[in-house]
Amino acid sequence: MLARARTRTPHRPAAGRVASVHVCRPRDDVAEVSARVVREGRSRAVAARLEHDTDRRDPTWICTALVWV
């Protein structure tokens, strides 16, 4: 059984496609982003909260929450 598993070509999953994206700006320094991703006929949801960190020397967006459902 182990020999057969080694000789099989590895299965490469199909790439996902972003079907829709929504952005909400509850404050000027916050962006809440949600997206629907479709892969192999099934939909998944992704949500992220980004906060603009201006206290750094190089201000940047920080992801403070990420959910994949």
# chains A, B, ... in the order shown; residues from 1 in each chain; ligands from 1
$ residues_around --residues "Arg36 (chain A)" --least-positions-apart "5" --cutoff "9 Å" --atoms "only C-alpha atoms" --output "VMD selection string"
chain A and resid 17 to 21 43 to 47
$ select_by_dssp --residues "chain A" --states "strand (DSSP E)" --output "ChimeraX atom specification"
/A:17-27,30-39,42-53,60-68
$ atom_distance --atom1 "CA of Ala35 (chain A)" --atom2 "CA of Arg12 (chain A)"
23.2 Å
$ select_by_dssp --residues "chain A" --states "alpha helix (DSSP H)" --output "ChimeraX atom specification"
/A:2-7
$ closest_residue --among "A:His11, A:Ile62, A:Arg56, A:Gly16" --to "Ala31 (chain A)" --atoms "only C-alpha atoms"
A:Ile62
$ closest_residue --among "A:Cys63, A:Ala14, A:Leu50, A:Val69" --to "Arg27 (chain A)" --atoms "only C-alpha atoms"
A:Leu50
$ closest_residue --among "A:Ala48, A:Val30, A:Val23, A:Val38" --to "Thr60 (chain A)" --atoms "only C-alpha atoms"
A:Val30
$ residues_around --residues "Trp61 (chain A)" --least-positions-apart "4" --cutoff "8 Å" --atoms "only C-alpha atoms" --output "CSV table (one decimal) with C-alpha atoms, in the first residue's frame"
chain,number,residue,atom,x,y,z
A,50,LEU,CA,-7.7,45.8,8.6
A,51,GLU,CA,-6.6,48.7,10.7
A,52,HIS,CA,-4.4,51.5,9.5
A,53,ASP,CA,-1.4,51.8,11.9
$ atom_distance --atom1 "CA of Leu66 (chain A)" --atom2 "CA of Pro26 (chain A)"
16.9 Å
$ atom_distance --atom1 "CA of Cys24 (chain A)" --atom2 "CA of Val37 (chain A)"
18.1 Å
$ closest_residue --among "A:Thr54, A:Pro13, A:Thr64, A:Arg25" --to "Glu40 (chain A)" --atoms "only C-alpha atoms"
A:Pro13
